[in-house]
Amino acid sequence: MTSPSSPVRRVRLTYVDHLIKQPVVYELGRQFKVVTNVRRADVQENVGWIILEMDGEEDEIDRALDWVRSLGIRIDSVLGDVVEG
Amino acid sequence: MANTLGLKCRECGREYPLEPLNACDFCFGPLEVMYDYGAISRLISKESIQAGPNSLWRYHELLPADYHESVDINAGFTPLIRSRNLAKMLGLNELYIKNDSVNPSFSFKDRVVAVASAKALEFEFDTIACASTGNLACSVAAHAARGGIKACVFIPSGLEAGKVLGAAIYNPVLMSVEGSYDDVNRLCSEIADSYPWAFVNINMRPFYAEGSKSLGYEVAEQLGWRTPAHVVVPAASGAMFTKIWKGFNEFADLGLVGPVHTRMHLAQARGCAPIAEAWEEGRFVIKPVRPSTLATSLAIGNPADGWYALKVIEASEGSAVIAEENEIADGVKLLAETEGIFTEGAGGVAITGLKRLVEQGRIKPDEPTVVYITGNGLKTTELVADVVNPFLIKPTVSSFEAAMASRTK
C-alpha cells in the first residue's frame with residue numbers, strides 16, 4: 001500500500017511576542033506559490049495560534065513552512081501530538 | 001449494546017455517526033461520544049456496578065464499547081490505598097493513592113486501550129496501532145496479543161531498553177523511527193491517514209479517551225460512593241485529567257454520588273509543562289514546547305486536550321503545579337520508601353506536586369485527597385539507578401555484623 005499525497009496541508013502555527021504583529025499569512029501567499037486559508041485562530045495580546053490550510057505543490061509548501069519556521073513561529077500538527085507516553 | 005448515540009464536536013457541536021473519526025471536518029475540534037444518559041440511568045445502580053467484574057467493565061454502561069472477552073486483559077479496578085506513612089510525613093489525615101501501576105501492562109494506558117481495542121473489533125479492524133514512548137506501546141501490544149489481532153507500534157529510536165522490551169515481548173510489529181520527536185509525530189499522522197488501521201489515539205481517540213473516566217468512577221466507588229476534596233493527577237495530553245472530572249460528574253448526574261466539589265490539580269514536569277505554564281501565566285492558549293524531561297511518559301509538547309484541561313482546573317477551582325526535573329526521582333523514591341509503591345517519573349511528578357500543594361496550603365490536613373499513580377517504575381529503572389548501593393560482604397557472620405554496625409540508617 002502506498003501513501004497518497006495530501007492535497008491540502010493543515011498546520012497549527014503558534015506565534016509569540018513580536019511575531020503577532022507581523023503579517024505572516026499575507027507574506028506566505030505573496031512570497032510562495034501557496035494558497036492559504038485560515039480555518040481557526042485565537043490571537044491574544046502576547047500569544048496566538050492559527051490553523052492554516054495550505055494548498056500547492058508539496059515542495060513549495062515545504063519551502064514556505066521552512067520560511068515560517070525561520071521566523072521563530074512554531075509549526076505543529078493540528079490535532080496535537082500523536083506520540084504518547 | 002453500548003448506550004451511545006453518536007459523536008459530537010466539542011467546539012462547534014456538529015454531530016457525526018459512531019465511526020472511527022477523530023476531528024470535526026469543519027473546525028478540527030475534537031469529537032466526543034454522546035450517550036443516552038436516560039437509558040443509562042435506568043440500567044445502572046450501585047448494586048449493578050458492584051455485581052460487575054473486577055475490571056473497568058463494571059462500568060460498561062458508561063463506556064462507548066461493548067465488552068469483548070477476546071481482547072480483555074483485565075484492565076482497571078486497581079487498588080485505592082489509604083496512605084499512612086506519606087500522609088503522616090505530609091501532615092494529611094486522609095490521603096489515598098490510586099495505584100494504577102498494577103494494571104496488566106503496568107500503566108493506566110490499559111484502560112484506554114481496553115476500550116479502543118474493543119471498539120476496534122466492533123469496527124472490524126484487523127490491526128491496532130499507536131505511536132508511543134513506552135506505556136501505550138506496551139498496552140497496545142498486550143491487547144493485540146490477547147485478542148489474536150495484529151499490532152503495529154511506532155517508537156522513537158533511542159528509547160530506553162526497558163521500554164522497548166516492555167512492548168517487544170508481546171511480539172507486535174515494532175517500528176523504531178529515526179528522527180526527531182516531531183518527525184515521529186508527522187510520520188504517524190500520515191500513516192494513520194492512509195492505512196486502514198485502528199490507531200488507538202488517532203482515529204479511535206473519541207472512544208479511547210473515554211476509558212480514563214473509569215479512574216474517576218473507581219475512586220468514587222472505592223471511597224464509599226463519594227468524591228474527594230482534591231485529586232492530584234500527572235498530565236501529558238491532558239485527556240486523562242479531563243476524563244477523571246467527567247467520570248465524577250457523570251456519577252453525580254446519575255445520583256451515584258453527591259454533588260462534586262473536587263478540586264482538580266494537574267501536575268507536570270518542568271521540562272514539558274505546556275499546560276501548567278499556561279495556568280501559571282493566566283492564559284488559555286497553550287504554547288507547544290519541545291519536551292526535555294525525565295518524566296518521559298509526560299513528554300507531550302503539543303497537548304491535544306490542554307485547553308480542556310485548563311477549563312477543568314478553572315471549573316473545579318483547582319490548580320496546576322510544576323515539579324522541577326531534579327525533584328522527579330526524589331518523588332519516586334519517596335513513594336517507594338513510604339508506601340511500598342514503585343512508580344515511574346510521572347508518579348514522581350504527582351508526588352512532588354502533592355507535596356507542593358500541601359506546602360502552599362491549597363490542600364488542608366483534613367481534606368480527603370487522592371493522588372493518581374499511573375505507571376510502574378520497573379520500565380524506567382534508569383531514573384533511580386543510584387539507589388542500588390548494597391553492602392558487599394563476605395559469607396561470614398562477622399562480615400555481616402561489621403556491615404550492620406557501619407549502617408547510617
# chains A, B, ... in the order shown; residues from 1 in each chain; ligands from 1
call {"tool": "interface_residues", "arguments": {"of": "chain A", "to": "chain B", "cutoff": "8 Å", "atoms": "only C-alpha atoms", "output": "list of chain:residue names"}}
result
A:Met1, A:Thr2, A:Ser3, A:Pro4, A:Thr14, A:Arg39, A:Arg40, A:Asp42, A:Val47, A:Gly48, A:Trp49, A:Arg74, A:Asp76, A:Ser77, A:Val78, A:Leu79, A:Gly80, A:Asp81, A:Val82, A:Val83, A:Glu84, A:Gly85
call {"tool": "write_last_selection", "arguments": {"atoms": "N, CA, C and O atoms", "output": "CSV table (one decimal), in the first residue's frame"}}
result
chain,number,residue,atom,x,y,z
A,1,MET,N,0.8,-1.2,0.0
A,1,MET,CA,0.0,0.0,0.0
A,1,MET,C,0.9,1.3,0.0
A,1,MET,O,1.9,1.3,0.7
A,2,THR,N,0.5,2.2,-0.8
A,2,THR,CA,1.3,3.4,-0.9
A,2,THR,C,0.5,4.5,-0.2
A,2,THR,O,-0.7,4.5,-0.2
A,3,SER,N,1.2,5.5,0.2
A,3,SER,CA,0.5,6.6,0.9
A,3,SER,C,0.2,7.7,-0.1
A,3,SER,O,1.1,8.3,-0.8
A,4,PRO,N,-1.1,8.0,-0.3
A,4,PRO,CA,-1.4,9.1,-1.2
A,4,PRO,C,-1.0,10.4,-0.7
A,4,PRO,O,-1.0,10.7,0.5
A,14,THR,N,2.0,28.6,16.0
A,14,THR,CA,1.9,29.3,17.3
A,14,THR,C,2.9,30.5,17.3
A,14,THR,O,4.1,30.3,17.0
A,39,ARG,N,-8.4,28.6,9.0
A,39,ARG,CA,-9.6,27.9,9.4
A,39,ARG,C,-10.1,28.2,10.8
A,39,ARG,O,-11.2,28.2,11.1
A,40,ARG,N,-9.1,28.3,11.7
A,40,ARG,CA,-9.4,28.7,13.1
A,40,ARG,C,-8.3,29.5,13.6
A,40,ARG,O,-7.1,29.4,13.2
A,42,ASP,N,-6.9,31.9,17.4
A,42,ASP,CA,-7.1,32.5,18.7
A,42,ASP,C,-5.9,33.4,19.0
A,42,ASP,O,-4.8,32.8,19.2
A,47,VAL,N,0.4,36.0,22.7
A,47,VAL,CA,0.5,34.7,22.1
A,47,VAL,C,-0.8,34.4,21.3
A,47,VAL,O,-1.8,35.0,21.6
A,48,GLY,N,-0.6,33.6,20.3
A,48,GLY,CA,-1.7,33.3,19.4
A,48,GLY,C,-1.5,32.1,18.6
A,48,GLY,O,-0.3,31.7,18.4
A,49,TRP,N,-2.5,31.5,18.1
A,49,TRP,CA,-2.3,30.4,17.1
A,49,TRP,C,-3.3,30.5,16.0
A,49,TRP,O,-4.4,31.1,16.1
A,74,ARG,N,6.3,28.5,15.7
A,74,ARG,CA,6.3,27.0,15.9
A,74,ARG,C,5.2,26.4,15.0
A,74,ARG,O,4.1,26.9,14.9
A,76,ASP,N,3.0,23.0,14.3
A,76,ASP,CA,2.6,21.7,14.9
A,76,ASP,C,1.5,21.1,14.1
A,76,ASP,O,0.8,21.7,13.3
A,77,SER,N,1.2,19.8,14.5
A,77,SER,CA,0.0,19.1,14.0
A,77,SER,C,-1.2,19.8,14.5
A,77,SER,O,-1.3,20.3,15.6
A,78,VAL,N,-2.2,19.8,13.7
A,78,VAL,CA,-3.5,20.5,14.0
A,78,VAL,C,-4.1,19.7,15.2
A,78,VAL,O,-4.8,20.4,16.1
A,79,LEU,N,-4.0,18.4,15.3
A,79,LEU,CA,-4.7,17.6,16.3
A,79,LEU,C,-3.8,17.3,17.5
A,79,LEU,O,-4.2,16.5,18.3
A,80,GLY,N,-2.7,18.0,17.7
A,80,GLY,CA,-1.9,17.7,18.8
A,80,GLY,C,-0.9,16.6,18.5
A,80,GLY,O,-1.0,15.9,17.5
A,81,ASP,N,0.0,16.3,19.5
A,81,ASP,CA,0.9,15.2,19.3
A,81,ASP,C,0.2,13.9,19.2
A,81,ASP,O,-0.8,13.7,20.0
A,82,VAL,N,0.7,13.0,18.4
A,82,VAL,CA,0.1,11.7,18.3
A,82,VAL,C,1.0,10.7,19.1
A,82,VAL,O,0.5,9.6,19.4
A,83,VAL,N,2.2,11.0,19.3
A,83,VAL,CA,3.1,10.2,20.1
A,83,VAL,C,2.7,10.4,21.6
A,83,VAL,O,2.7,11.5,22.0
A,84,GLU,N,2.4,9.3,22.3
A,84,GLU,CA,2.1,9.4,23.7
A,84,GLU,C,3.1,8.6,24.5
A,84,GLU,O,3.9,7.8,24.0
A,85,GLY,N,3.0,8.8,25.8
A,85,GLY,CA,3.9,8.1,26.7
A,85,GLY,C,3.6,6.6,26.9
A,85,GLY,O,2.7,6.1,26.2
call {"tool": "residues_around", "arguments": {"residues": "Val231 in chain B", "least_positions_apart": "4", "cutoff": "10 Å", "atoms": "only C-alpha atoms", "output": "PyMOL selection string"}}
result
chain B and resi 95-98+216+219+227+241+244-245+262-266+318+350+354+363+368-372
call {"tool": "residues_around", "arguments": {"residues": "Met89 in chain B", "least_positions_apart": "6", "cutoff": "12 Å", "atoms": "only C-alpha atoms", "output": "ChimeraX atom specification"}}
result
/B:83,95,334-335,337-339,354-355,358-359,365
call {"tool": "write_last_selection", "arguments": {"atoms": "all heavy atoms", "output": "tab-separated table (two decimals), in the first residue's frame"}}
result
chain	number	residue	atom	x	y	z
B	83	SER	N	-3.13	5.96	52.59
B	83	SER	CA	-1.73	6.20	52.93
B	83	SER	C	-1.57	6.41	54.44
B	83	SER	O	-2.38	7.11	55.06
B	83	SER	CB	-1.22	7.44	52.19
B	83	SER	OG	0.00	7.88	52.73
B	95	LEU	N	-5.29	10.75	53.09
B	95	LEU	CA	-4.64	10.70	51.78
B	95	LEU	C	-4.77	9.28	51.22
B	95	LEU	O	-4.52	8.30	51.93
B	95	LEU	CB	-3.16	11.06	51.90
B	95	LEU	CG	-2.31	10.89	50.63
B	95	LEU	CD1	-2.77	11.86	49.52
B	95	LEU	CD2	-0.82	11.10	50.93
B	334	LEU	N	10.43	8.72	47.31
B	334	LEU	CA	9.61	8.99	48.49
B	334	LEU	C	8.40	8.05	48.55
B	334	LEU	O	8.08	7.48	49.59
B	334	LEU	CB	9.14	10.46	48.48
B	334	LEU	CG	8.25	10.90	49.64
B	334	LEU	CD1	8.98	10.73	50.97
B	334	LEU	CD2	7.81	12.35	49.45
B	335	LEU	N	7.74	7.87	47.41
B	335	LEU	CA	6.57	6.98	47.39
B	335	LEU	C	6.99	5.54	47.67
B	335	LEU	O	6.30	4.81	48.41
B	335	LEU	CB	5.86	7.08	46.03
B	335	LEU	CG	4.59	6.25	45.92
B	335	LEU	CD1	3.51	6.75	46.88
B	335	LEU	CD2	4.04	6.27	44.48
B	337	GLU	N	9.63	4.52	49.38
B	337	GLU	CA	10.12	4.35	50.76
B	337	GLU	C	9.00	4.47	51.80
B	337	GLU	O	9.10	3.89	52.88
B	337	GLU	CB	11.20	5.39	51.05
B	337	GLU	CG	12.48	5.17	50.27
B	337	GLU	CD	13.43	6.36	50.33
B	337	GLU	OE1	13.14	7.31	51.09
B	337	GLU	OE2	14.43	6.34	49.60
B	338	THR	N	7.96	5.21	51.46
B	338	THR	CA	6.91	5.41	52.46
B	338	THR	C	5.73	4.47	52.28
B	338	THR	O	5.04	4.14	53.24
B	338	THR	CB	6.36	6.86	52.42
B	338	THR	OG1	5.93	7.17	51.08
B	338	THR	CG2	7.43	7.86	52.86
B	339	GLU	N	5.45	4.07	51.04
B	339	GLU	CA	4.23	3.28	50.81
B	339	GLU	C	4.46	1.96	50.08
B	339	GLU	O	3.51	1.23	49.82
B	339	GLU	CB	3.21	4.12	50.01
B	339	GLU	CG	2.78	5.40	50.73
B	339	GLU	CD	1.99	5.15	52.02
B	339	GLU	OE1	1.47	4.02	52.21
B	339	GLU	OE2	1.88	6.07	52.85
B	354	LEU	N	1.92	16.93	44.82
B	354	LEU	CA	1.14	16.81	46.07
B	354	LEU	C	1.84	17.54	47.21
B	354	LEU	O	1.21	18.31	47.96
B	354	LEU	CB	0.97	15.32	46.40
B	354	LEU	CG	0.41	14.99	47.78
B	354	LEU	CD1	-1.05	15.45	47.90
B	354	LEU	CD2	0.52	13.48	48.05
B	355	LYS	N	3.13	17.29	47.35
B	355	LYS	CA	3.90	17.95	48.41
B	355	LYS	C	3.79	19.47	48.29
B	355	LYS	O	3.56	20.17	49.28
B	355	LYS	CB	5.39	17.58	48.29
B	355	LYS	CG	5.80	16.33	49.00
B	355	LYS	CD	7.28	16.07	48.84
B	355	LYS	CE	8.15	17.10	49.55
B	355	LYS	NZ	9.59	16.82	49.39
B	358	VAL	N	0.43	20.85	49.36
B	358	VAL	CA	0.29	20.87	50.82
B	358	VAL	C	1.08	22.04	51.39
B	358	VAL	O	0.59	22.80	52.24
B	358	VAL	CB	0.75	19.53	51.43
B	358	VAL	CG1	0.74	19.61	52.95
B	358	VAL	CG2	-0.15	18.39	50.95
B	359	GLU	N	2.31	22.20	50.91
B	359	GLU	CA	3.16	23.29	51.40
B	359	GLU	C	2.52	24.66	51.14
B	359	GLU	O	2.64	25.59	51.93
B	359	GLU	CB	4.54	23.24	50.72
B	359	GLU	CG	5.41	22.07	51.18
B	359	GLU	CD	6.55	21.78	50.20
B	359	GLU	OE1	6.72	22.54	49.22
B	359	GLU	OE2	7.26	20.78	50.43
B	365	PRO	N	-5.12	19.72	55.95
B	365	PRO	CA	-4.90	18.39	56.57
B	365	PRO	C	-6.11	17.48	56.57
B	365	PRO	O	-5.97	16.27	56.39
B	365	PRO	CB	-4.47	18.75	58.00
B	365	PRO	CG	-3.82	20.09	57.86
B	365	PRO	CD	-4.60	20.81	56.80
call {"tool": "residues_around", "arguments": {"residues": "Ala142 in chain B", "least_positions_apart": "4", "cutoff": "7 Å", "atoms": "only C-alpha atoms", "output": "ChimeraX atom specification"}}
result
/B:105,138,146,170
call {"tool": "write_last_selection", "arguments": {"atoms": "N, CA, C and O atoms", "output": "PDB file, in the first residue's frame"}}
result
ATOM      1  N   SER B 105      -0.488  -4.318  31.906  1.00  0.00           N
ATOM      2  CA  SER B 105       0.779  -3.952  31.250  1.00  0.00           C
ATOM      3  C   SER B 105       1.448  -2.800  31.999  1.00  0.00           C
ATOM      4  O   SER B 105       2.290  -2.104  31.450  1.00  0.00           O
ATOM      5  N   CYS B 138       3.243  -0.664  25.074  1.00  0.00           N
ATOM      6  CA  CYS B 138       3.104  -1.928  25.821  1.00  0.00           C
ATOM      7  C   CYS B 138       1.650  -2.378  25.849  1.00  0.00           C
ATOM      8  O   CYS B 138       1.339  -3.549  25.643  1.00  0.00           O
ATOM      9  N   ARG B 146      -3.480 -10.660  23.214  1.00  0.00           N
ATOM     10  CA  ARG B 146      -4.620 -11.345  23.829  1.00  0.00           C
ATOM     11  C   ARG B 146      -5.731 -11.596  22.809  1.00  0.00           C
ATOM     12  O   ARG B 146      -6.362 -12.655  22.790  1.00  0.00           O
ATOM     13  N   TYR B 170       5.518  -8.709  23.643  1.00  0.00           N
ATOM     14  CA  TYR B 170       4.210  -9.166  23.146  1.00  0.00           C
ATOM     15  C   TYR B 170       4.220  -9.429  21.639  1.00  0.00           C
ATOM     16  O   TYR B 170       3.200  -9.738  21.044  1.00  0.00           O
TER      17      TYR B 170
END
call {"tool": "atom_distance", "arguments": {"atom1": "CA of Phe251 in chain B", "atom2": "CA of Glu61 in chain B"}}
result
11.7 Å
call {"tool": "atom_distance", "arguments": {"atom1": "CA of Glu317 in chain B", "atom2": "CA of Glu94 in chain B"}}
result
20.1 Å
call {"tool": "residues_around", "arguments": {"residues": "Leu19 in chain A", "least_positions_apart": "4", "cutoff": "10 Å", "atoms": "only C-alpha atoms", "output": "list in words"}}
result
Thr14, Tyr15, Pro23, Val24, Asn46, Val47, Gly48, Leu71, Gly72 and Ile73 of chain A
call {"tool": "write_last_selection", "arguments": {"atoms": "N, CA and C atoms", "output": "PDB file, in the first residue's frame"}}
result
ATOM      1  N   THR A  14       1.993  28.619  15.986  1.00  0.00           N
ATOM      2  CA  THR A  14       1.913  29.313  17.275  1.00  0.00           C
ATOM      3  C   THR A  14       2.876  30.491  17.262  1.00  0.00           C
ATOM      4  N   TYR A  15       2.325  31.678  17.501  1.00  0.00           N
ATOM      5  CA  TYR A  15       3.105  32.914  17.482  1.00  0.00           C
ATOM      6  C   TYR A  15       3.323  33.375  18.920  1.00  0.00           C
ATOM      7  N   PRO A  23       2.527  40.394   9.437  1.00  0.00           N
ATOM      8  CA  PRO A  23       1.525  39.822   8.515  1.00  0.00           C
ATOM      9  C   PRO A  23       2.036  38.550   7.851  1.00  0.00           C
ATOM     10  N   VAL A  24       2.247  37.516   8.663  1.00  0.00           N
ATOM     11  CA  VAL A  24       2.911  36.305   8.184  1.00  0.00           C
ATOM     12  C   VAL A  24       2.093  35.598   7.105  1.00  0.00           C
ATOM     13  N   ASN A  46      -0.172  38.454  23.832  1.00  0.00           N
ATOM     14  CA  ASN A  46       1.221  38.031  23.734  1.00  0.00           C
ATOM     15  C   ASN A  46       1.424  36.668  23.091  1.00  0.00           C
ATOM     16  N   VAL A  47       0.355  36.003  22.739  1.00  0.00           N
ATOM     17  CA  VAL A  47       0.480  34.681  22.139  1.00  0.00           C
ATOM     18  C   VAL A  47      -0.765  34.422  21.295  1.00  0.00           C
ATOM     19  N   GLY A  48      -0.584  33.623  20.255  1.00  0.00           N
ATOM     20  CA  GLY A  48      -1.748  33.304  19.431  1.00  0.00           C
ATOM     21  C   GLY A  48      -1.467  32.104  18.562  1.00  0.00           C
ATOM     22  N   LEU A  71      11.280  32.266  10.997  1.00  0.00           N
ATOM     23  CA  LEU A  71      10.863  33.477  11.711  1.00  0.00           C
ATOM     24  C   LEU A  71      10.771  33.262  13.214  1.00  0.00           C
ATOM     25  N   GLY A  72      10.741  31.982  13.611  1.00  0.00           N
ATOM     26  CA  GLY A  72      10.585  31.674  15.030  1.00  0.00           C
ATOM     27  C   GLY A  72       9.176  31.238  15.389  1.00  0.00           C
ATOM     28  N   ILE A  73       8.359  31.021  14.366  1.00  0.00           N
ATOM     29  CA  ILE A  73       6.993  30.551  14.611  1.00  0.00           C
ATOM     30  C   ILE A  73       7.005  29.029  14.685  1.00  0.00           C
TER      31      ILE A  73
END
call {"tool": "select_by_dssp", "arguments": {"residues": "range 194-358 of chain B", "states": "strand (DSSP E or B)", "output": "ChimeraX atom specification"}}
result
/B:198-199,230-234,263-269,272,319-323,343
call {"tool": "write_last_selection", "arguments": {"atoms": "N, CA and C atoms", "output": "compact mmCIF listing (two decimals), in the first residue's frame"}}
result
# COMPACT_ATOMS: atom_id res chain seq x y z
N ALA B 198 -6.70 0.67 13.20
CA ALA B 198 -7.24 1.38 14.36
C ALA B 198 -6.06 1.98 15.13
N PHE B 199 -5.73 3.21 14.82
CA PHE B 199 -4.73 3.93 15.61
C PHE B 199 -5.43 4.40 16.89
N HIS B 230 -9.85 16.75 46.90
CA HIS B 230 -8.77 17.09 45.96
C HIS B 230 -8.31 15.83 45.23
N VAL B 231 -7.94 15.99 43.99
CA VAL B 231 -7.14 14.96 43.32
C VAL B 231 -5.91 15.63 42.73
N VAL B 232 -4.82 14.88 42.68
CA VAL B 232 -3.58 15.34 42.04
C VAL B 232 -3.27 14.34 40.94
N VAL B 233 -3.14 14.86 39.71
CA VAL B 233 -3.06 13.98 38.54
C VAL B 233 -1.89 14.41 37.66
N PRO B 234 -1.00 13.49 37.31
CA PRO B 234 0.05 13.85 36.35
C PRO B 234 -0.57 14.00 34.95
N ARG B 263 -11.53 19.56 43.87
CA ARG B 263 -10.60 20.47 43.19
C ARG B 263 -9.59 19.63 42.42
N MET B 264 -9.49 19.90 41.13
CA MET B 264 -8.64 19.11 40.24
C MET B 264 -7.28 19.80 40.11
N HIS B 265 -6.23 19.11 40.53
CA HIS B 265 -4.87 19.66 40.46
C HIS B 265 -4.06 18.86 39.44
N LEU B 266 -3.47 19.56 38.51
CA LEU B 266 -2.73 18.95 37.40
C LEU B 266 -1.24 19.15 37.64
N ALA B 267 -0.46 18.07 37.47
CA ALA B 267 0.99 18.15 37.72
C ALA B 267 1.77 17.83 36.45
N GLN B 268 2.73 18.69 36.14
CA GLN B 268 3.63 18.42 35.02
C GLN B 268 5.08 18.65 35.46
N ALA B 269 5.99 18.17 34.63
CA ALA B 269 7.42 18.34 34.93
C ALA B 269 7.94 19.59 34.22
N CYS B 272 8.57 19.75 30.44
CA CYS B 272 7.45 19.65 29.49
C CYS B 272 6.17 20.02 30.24
N SER B 319 -5.89 23.70 40.41
CA SER B 319 -4.65 24.42 40.11
C SER B 319 -3.74 23.52 39.28
N ALA B 320 -2.61 24.09 38.91
CA ALA B 320 -1.57 23.30 38.23
C ALA B 320 -0.26 23.53 38.97
N VAL B 321 0.55 22.48 39.06
CA VAL B 321 1.84 22.60 39.73
C VAL B 321 2.92 21.98 38.82
N ILE B 322 4.12 22.50 38.99
CA ILE B 322 5.24 22.02 38.18
C ILE B 322 6.31 21.43 39.10
N ALA B 323 6.71 20.20 38.80
CA ALA B 323 7.82 19.57 39.53
C ALA B 323 9.11 19.89 38.79
N THR B 343 6.92 3.63 41.37
CA THR B 343 6.30 4.28 40.21
C THR B 343 7.36 4.82 39.26
call {"tool": "residues_around", "arguments": {"residues": "Ala145 in chain B", "least_positions_apart": "4", "cutoff": "12 Å", "atoms": "only C-alpha atoms", "output": "tab-separated table (two decimals) with N, CA and C atoms, in the first residue's frame"}}
result
chain	number	residue	atom	x	y	z
B	70	SER	N	-12.63	-11.54	24.20
B	70	SER	CA	-11.46	-11.98	23.43
B	70	SER	C	-10.29	-11.00	23.50
B	71	VAL	N	-10.58	-9.75	23.81
B	71	VAL	CA	-9.49	-8.77	23.82
B	71	VAL	C	-9.28	-8.19	25.23
B	72	ASP	N	-9.88	-8.80	26.21
B	72	ASP	CA	-9.84	-8.27	27.58
B	72	ASP	C	-8.62	-8.80	28.33
B	73	ILE	N	-7.82	-7.89	28.87
B	73	ILE	CA	-6.70	-8.34	29.71
B	73	ILE	C	-6.91	-7.93	31.18
B	105	SER	N	-0.49	-4.32	31.91
B	105	SER	CA	0.78	-3.95	31.25
B	105	SER	C	1.45	-2.80	32.00
B	117	SER	N	-9.54	-1.08	21.92
B	117	SER	CA	-9.41	-2.41	21.30
B	117	SER	C	-10.78	-3.05	21.10
B	127	THR	N	-6.03	-4.63	12.65
B	127	THR	CA	-4.74	-4.17	13.20
B	127	THR	C	-4.99	-2.99	14.11
B	128	ILE	N	-4.38	-3.02	15.30
B	128	ILE	CA	-4.40	-1.83	16.15
B	128	ILE	C	-2.97	-1.27	16.19
B	138	CYS	N	3.24	-0.66	25.07
B	138	CYS	CA	3.10	-1.93	25.82
B	138	CYS	C	1.65	-2.38	25.85
B	139	SER	N	0.76	-1.44	26.12
B	139	SER	CA	-0.65	-1.80	26.27
B	139	SER	C	-1.27	-2.24	24.94
B	140	VAL	N	-0.96	-1.53	23.88
B	140	VAL	CA	-1.49	-1.91	22.56
B	140	VAL	C	-1.00	-3.30	22.18
B	141	ALA	N	0.28	-3.53	22.38
B	141	ALA	CA	0.85	-4.83	22.01
B	141	ALA	C	0.24	-5.95	22.85
B	149	ILE	N	-5.04	-10.32	17.32
B	149	ILE	CA	-5.08	-9.39	16.18
B	149	ILE	C	-3.70	-8.76	16.02
B	150	LYS	N	-3.50	-8.13	14.88
B	150	LYS	CA	-2.17	-7.59	14.60
B	150	LYS	C	-1.96	-6.25	15.32
B	151	ALA	N	-0.71	-5.99	15.64
B	151	ALA	CA	-0.36	-4.69	16.24
B	151	ALA	C	0.83	-4.12	15.51
B	152	CYS	N	0.78	-2.83	15.25
B	152	CYS	CA	1.93	-2.13	14.69
B	152	CYS	C	2.21	-0.94	15.60
B	167	ALA	N	7.30	-3.51	25.29
B	167	ALA	CA	6.37	-3.68	24.17
B	167	ALA	C	6.75	-4.88	23.32
B	168	ALA	N	8.05	-5.06	23.09
B	168	ALA	CA	8.50	-6.10	22.16
B	168	ALA	C	8.14	-7.51	22.65
B	169	ILE	N	8.05	-7.69	23.96
B	169	ILE	CA	7.78	-9.03	24.49
B	169	ILE	C	6.45	-9.58	23.99
B	170	TYR	N	5.52	-8.71	23.64
B	170	TYR	CA	4.21	-9.17	23.15
B	170	TYR	C	4.22	-9.43	21.64
B	171	ASN	N	5.37	-9.23	21.03
B	171	ASN	CA	5.60	-9.54	19.61
B	171	ASN	C	4.73	-8.75	18.63
B	172	PRO	N	4.64	-7.43	18.79
B	172	PRO	CA	3.98	-6.62	17.76
B	172	PRO	C	4.96	-6.36	16.62
B	173	VAL	N	4.47	-5.78	15.52
B	173	VAL	CA	5.40	-5.20	14.55
B	173	VAL	C	5.89	-3.91	15.18
call {"tool": "residues_around", "arguments": {"residues": "range 248-250 of chain B", "least_positions_apart": "5", "cutoff": "10 Å", "atoms": "only C-alpha atoms", "output": "PyMOL selection string"}}
result
chain B and resi 37+62+213-220+226-228+243+255-262
call {"tool": "select_by_dssp", "arguments": {"residues": "chain A", "states": "helix (DSSP H, G or I)", "output": "list in words"}}
result
Asp17, His18, Leu19, Ile20, Lys21, Val24, Val25, Tyr26, Glu27, Leu28, Gly29, Arg30, Gln31, Glu58, Asp59, Glu60, Ile61, Asp62, Arg63, Ala64, Leu65, Asp66, Trp67, Val68, Arg69 and Ser70 of chain A
call {"tool": "write_last_selection", "arguments": {"atoms": "C-alpha atoms", "output": "PDB file, in the first residue's frame"}}
result
ATOM      1  CA  ASP A  17       5.669  38.171  21.297  1.00  0.00           C
ATOM      2  CA  HIS A  18       6.550  40.487  18.402  1.00  0.00           C
ATOM      3  CA  LEU A  19       5.595  37.933  15.724  1.00  0.00           C
ATOM      4  CA  ILE A  20       1.930  38.557  16.435  1.00  0.00           C
ATOM      5  CA  LYS A  21       2.240  41.946  14.754  1.00  0.00           C
ATOM      6  CA  VAL A  24       2.911  36.305   8.184  1.00  0.00           C
ATOM      7  CA  VAL A  25      -0.025  34.738   6.349  1.00  0.00           C
ATOM      8  CA  TYR A  26      -0.062  37.573   3.825  1.00  0.00           C
ATOM      9  CA  GLU A  27       3.668  37.188   3.201  1.00  0.00           C
ATOM     10  CA  LEU A  28       3.253  33.428   2.819  1.00  0.00           C
ATOM     11  CA  GLY A  29       0.869  33.873  -0.043  1.00  0.00           C
ATOM     12  CA  ARG A  30       2.971  36.631  -1.613  1.00  0.00           C
ATOM     13  CA  GLN A  31       6.399  35.000  -1.419  1.00  0.00           C
ATOM     14  CA  GLU A  58       4.462  19.759  -1.853  1.00  0.00           C
ATOM     15  CA  ASP A  59       7.931  21.238  -2.317  1.00  0.00           C
ATOM     16  CA  GLU A  60       6.592  24.763  -2.328  1.00  0.00           C
ATOM     17  CA  ILE A  61       4.620  24.160   0.873  1.00  0.00           C
ATOM     18  CA  ASP A  62       7.753  22.729   2.481  1.00  0.00           C
ATOM     19  CA  ARG A  63       9.744  25.824   1.451  1.00  0.00           C
ATOM     20  CA  ALA A  64       7.015  28.089   2.755  1.00  0.00           C
ATOM     21  CA  LEU A  65       6.930  26.301   6.096  1.00  0.00           C
ATOM     22  CA  ASP A  66      10.724  26.420   6.350  1.00  0.00           C
ATOM     23  CA  TRP A  67      10.435  30.199   5.969  1.00  0.00           C
ATOM     24  CA  VAL A  68       7.733  30.380   8.621  1.00  0.00           C
ATOM     25  CA  ARG A  69       9.891  28.300  10.949  1.00  0.00           C
ATOM     26  CA  SER A  70      12.868  30.587  10.304  1.00  0.00           C
TER      27      SER A  70
END
call {"tool": "closest_residue", "arguments": {"among": "A:Asp55, A:Ile75, A:Leu13, A:Gln22", "to": "Ala41 in chain A", "atoms": "only C-alpha atoms"}}
result
A:Leu13
call {"tool": "atom_distance", "arguments": {"atom1": "CA of Tyr208 in chain B", "atom2": "CA of Lys379 in chain B"}}
result
22.9 Å
